[in-house]
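These notes concern the structure reproduced below.
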Amino acid sequence: MNKYEELVFNNSKSVGYCISVVGNEKNYSAVIDIEKKELVLKQEEDINLTKYQFVVISDPKGSGIANVECQINKKWVESILVNNNKKKGLSSPDYYQRPLERGFDLYVVNLDFNEKATKIRITYKNGIVEPIELKINYVEADKDRYYQKVAAQNRSDLLAKMSVSCKTGDSLVNVFWQNATKDVKKILFELFLDNQQLIMKSEMDSDTMFKSVQGLAYGKYYFRLSQFNEKGDLIVATDLITFTLTAPNYGGRHTVVI
């Protein structure tokens with residue numbers, strides 16, 4: 001853009017540029033690289049959010065904007081004009097209530113990461129400047145990171161539903177749990193020494209929610225609880241959970257544990 005085009009494009013008193021995220025009501029100022037003539041559209045972390053709106057907020061008395069379009073499959077598609085007379089087309093109408101009350105026009109361009117428009121074109125009244133075209137730079141979210149986050153959250157939710165706990169006594173440990181889902185068919189209990197050497201495995205059905213192990217020497221141990229569905233697929237497994245068995249105090253003094 002030359003200086004005059006920049007002056008018209010960046011007329012802060014009469015025009016503004018926003019992005020609205022369809023599906024979570026998030027709105028923010030659009031990132032536009034003036035030198036590259038480029039709109040940078042960054043996808044939210046949630047990869048399921050693919051639809052966005054580029055909204056040009058225009059004071060009809062001062063911006064000089066006549067029309068806004070986007071190019072999809074080499075065809076120019078007009079934006080949706082929203083104002084006090086035409087209020088349909090905005091994904092976040094409450095966010096834009098103030099400029100609408102002030103009599104501004106909103107030019108709404110629907111953008112989709114699954115069907116990518118390539119350009120935005122802004123046309124001005126009376127040819128005060130030549131139409132300004134912005135390329136659209138789509139910055140996609142990290143899919144692997146998103147799936148890892150979802151998997152971690154799902155596991156956390158399942159572990160919370162398992163509600164695993166243990167109580168120790170003299171040479172024994174009792175472990176309690178719940179089924180993480182209604183699909184649980186098999187439970188696997190594993191016991192390890194302090195060096196994480198496996199010393200015991202025990203399989204139970206989904207009606208059993210308790211395991212008692214007796215005859216253990218004093219010391220540190222670990223256990224892991226895993227739940228499987230009917231096909232033998234793992235639903236969820238705990239990390240190694242530690243417990244310690246200590247000799248009872250027979251010294252005649254009360255032992256207070258905090």
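Following the order of the structure tokens, first chain is A, next is B, and so on, with residues numbered from 1 inside each chain and ligands from 1 in the order they appear.
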**Message:** With DSSP run on the backbone, what are the alpha helix (DSSP H) residues within stretch 41-147 of chain A? I'd like them as number ranges by chain.
**Reply:** A: 97-101, 143-147
**Message:** I'd like to know which residues of stretch 97-186 of chain A are strand (DSSP E or B) (by DSSP, run on the backbone); could you write them as a PyMOL selection string?
**Reply:** chain A and resi 105-112+115+119-124+132-139+165-169+172-176+186
Write the residues you've just listed into a file as a short mmCIF file (atom, residue, chain, number, x, y, z; two decimals), in the first residue's frame, and include N, CA, C and O atoms for each of them.
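Final output, saved to again34.cif:
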```cif
data_model
loop_
_atom_site.label_atom_id
_atom_site.label_comp_id
_atom_site.auth_asym_id
_atom_site.auth_seq_id
_atom_site.Cartn_x
_atom_site.Cartn_y
_atom_site.Cartn_z
N ASP A 105 -21.91 0.40 9.84
CA ASP A 105 -22.15 -0.78 9.01
C ASP A 105 -21.11 -1.85 9.35
O ASP A 105 -19.94 -1.52 9.57
N LEU A 106 -21.54 -3.10 9.35
CA LEU A 106 -20.62 -4.22 9.56
C LEU A 106 -20.63 -5.08 8.30
O LEU A 106 -21.69 -5.57 7.88
N TYR A 107 -19.46 -5.24 7.71
CA TYR A 107 -19.31 -6.12 6.55
C TYR A 107 -18.73 -7.45 7.06
O TYR A 107 -17.60 -7.49 7.54
N VAL A 108 -19.53 -8.51 6.97
CA VAL A 108 -19.18 -9.80 7.57
C VAL A 108 -18.75 -10.78 6.49
O VAL A 108 -19.54 -11.10 5.58
N VAL A 109 -17.51 -11.24 6.58
CA VAL A 109 -16.98 -12.21 5.62
C VAL A 109 -16.79 -13.55 6.35
O VAL A 109 -16.06 -13.63 7.33
N ASN A 110 -17.48 -14.56 5.87
CA ASN A 110 -17.36 -15.90 6.47
C ASN A 110 -16.14 -16.61 5.91
O ASN A 110 -15.98 -16.73 4.69
N LEU A 111 -15.28 -17.08 6.83
CA LEU A 111 -14.06 -17.78 6.45
C LEU A 111 -14.07 -19.17 7.07
O LEU A 111 -14.53 -19.35 8.21
N ASP A 112 -13.53 -20.14 6.36
CA ASP A 112 -13.57 -21.53 6.82
C ASP A 112 -12.26 -22.21 6.48
O ASP A 112 -11.82 -22.17 5.32
N GLU A 115 -12.77 -24.75 3.72
CA GLU A 115 -13.03 -24.24 2.37
C GLU A 115 -12.46 -22.83 2.33
O GLU A 115 -13.17 -21.85 2.56
N LYS A 119 -8.63 -14.44 -0.78
CA LYS A 119 -8.40 -13.00 -0.72
C LYS A 119 -9.61 -12.28 -0.14
O LYS A 119 -10.75 -12.75 -0.25
N ILE A 120 -9.36 -11.12 0.43
CA ILE A 120 -10.38 -10.16 0.83
C ILE A 120 -10.20 -8.92 -0.04
O ILE A 120 -9.07 -8.47 -0.24
N ARG A 121 -11.29 -8.39 -0.57
CA ARG A 121 -11.20 -7.16 -1.37
C ARG A 121 -12.13 -6.10 -0.79
O ARG A 121 -13.32 -6.34 -0.60
N ILE A 122 -11.55 -4.93 -0.52
CA ILE A 122 -12.32 -3.80 0.00
C ILE A 122 -12.38 -2.73 -1.09
O ILE A 122 -11.35 -2.26 -1.58
N THR A 123 -13.61 -2.38 -1.47
CA THR A 123 -13.83 -1.37 -2.50
C THR A 123 -14.32 -0.08 -1.86
O THR A 123 -15.12 -0.12 -0.91
N TYR A 124 -13.85 1.06 -2.41
CA TYR A 124 -14.16 2.37 -1.82
C TYR A 124 -15.05 3.20 -2.74
O TYR A 124 -15.00 3.07 -3.97
N ILE A 132 -8.52 -2.39 -2.33
CA ILE A 132 -7.39 -2.98 -1.59
C ILE A 132 -7.66 -4.47 -1.39
O ILE A 132 -8.73 -4.86 -0.88
N GLU A 133 -6.72 -5.29 -1.82
CA GLU A 133 -6.86 -6.74 -1.67
C GLU A 133 -5.88 -7.25 -0.62
O GLU A 133 -4.71 -6.87 -0.59
N LEU A 134 -6.40 -8.12 0.25
CA LEU A 134 -5.59 -8.75 1.29
C LEU A 134 -5.55 -10.25 1.05
O LEU A 134 -6.61 -10.90 0.91
N LYS A 135 -4.36 -10.81 0.97
CA LYS A 135 -4.25 -12.27 0.96
C LYS A 135 -4.62 -12.80 2.34
O LYS A 135 -4.51 -12.08 3.34
N ILE A 136 -5.05 -14.03 2.40
CA ILE A 136 -5.40 -14.64 3.69
C ILE A 136 -4.38 -15.72 4.03
O ILE A 136 -4.21 -16.68 3.28
N ASN A 137 -3.69 -15.51 5.12
CA ASN A 137 -2.70 -16.47 5.60
C ASN A 137 -3.33 -17.30 6.71
O ASN A 137 -3.53 -16.82 7.83
N TYR A 138 -3.67 -18.55 6.40
CA TYR A 138 -4.29 -19.44 7.39
C TYR A 138 -3.20 -20.13 8.21
O TYR A 138 -2.37 -20.86 7.66
N VAL A 139 -3.22 -19.91 9.52
CA VAL A 139 -2.26 -20.56 10.42
C VAL A 139 -3.02 -21.63 11.18
O VAL A 139 -3.80 -21.33 12.10
N SER A 165 -8.10 -45.67 45.84
CA SER A 165 -7.55 -45.32 47.15
C SER A 165 -7.00 -46.59 47.80
O SER A 165 -7.33 -47.71 47.37
N CYS A 166 -6.15 -46.41 48.79
CA CYS A 166 -5.64 -47.59 49.50
C CYS A 166 -5.47 -47.28 50.98
O CYS A 166 -5.26 -46.13 51.38
N LYS A 167 -5.57 -48.34 51.78
CA LYS A 167 -5.36 -48.25 53.22
C LYS A 167 -4.40 -49.37 53.60
O LYS A 167 -4.47 -50.48 53.07
N THR A 168 -3.51 -49.07 54.52
CA THR A 168 -2.51 -50.06 54.94
C THR A 168 -2.73 -50.46 56.40
O THR A 168 -3.26 -49.69 57.21
N GLY A 169 -2.32 -51.68 56.70
CA GLY A 169 -2.34 -52.19 58.07
C GLY A 169 -1.03 -52.91 58.34
O GLY A 169 -0.05 -52.73 57.60
N LEU A 172 -0.21 -55.55 55.50
CA LEU A 172 -1.25 -55.69 54.47
C LEU A 172 -1.60 -54.35 53.85
O LEU A 172 -1.38 -53.30 54.45
N VAL A 173 -2.16 -54.43 52.64
CA VAL A 173 -2.68 -53.24 51.96
C VAL A 173 -4.03 -53.59 51.37
O VAL A 173 -4.24 -54.69 50.85
N ASN A 174 -4.97 -52.67 51.49
CA ASN A 174 -6.30 -52.81 50.88
C ASN A 174 -6.47 -51.70 49.85
O ASN A 174 -6.27 -50.52 50.17
N VAL A 175 -6.82 -52.07 48.63
CA VAL A 175 -7.00 -51.10 47.54
C VAL A 175 -8.47 -51.11 47.12
O VAL A 175 -9.08 -52.16 46.97
N PHE A 176 -9.01 -49.90 46.92
CA PHE A 176 -10.42 -49.74 46.56
C PHE A 176 -10.53 -48.92 45.27
O PHE A 176 -9.69 -48.07 45.00
N LYS A 186 -12.90 -56.17 32.78
CA LYS A 186 -11.80 -56.85 33.48
C LYS A 186 -10.94 -55.83 34.21
O LYS A 186 -10.69 -54.74 33.70
#
```
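Nearest residue to A:Phe210 among A:Val164, A:Ile34, A:Leu240, A:Val82 is A:Val164, counting only C-alpha atoms.
Counting only C-alpha atoms and comparing A:Ile57, A:Lys116, A:Asn154, A:Phe223, the residue that lies closest to A:Arg98 is A:Ile57.
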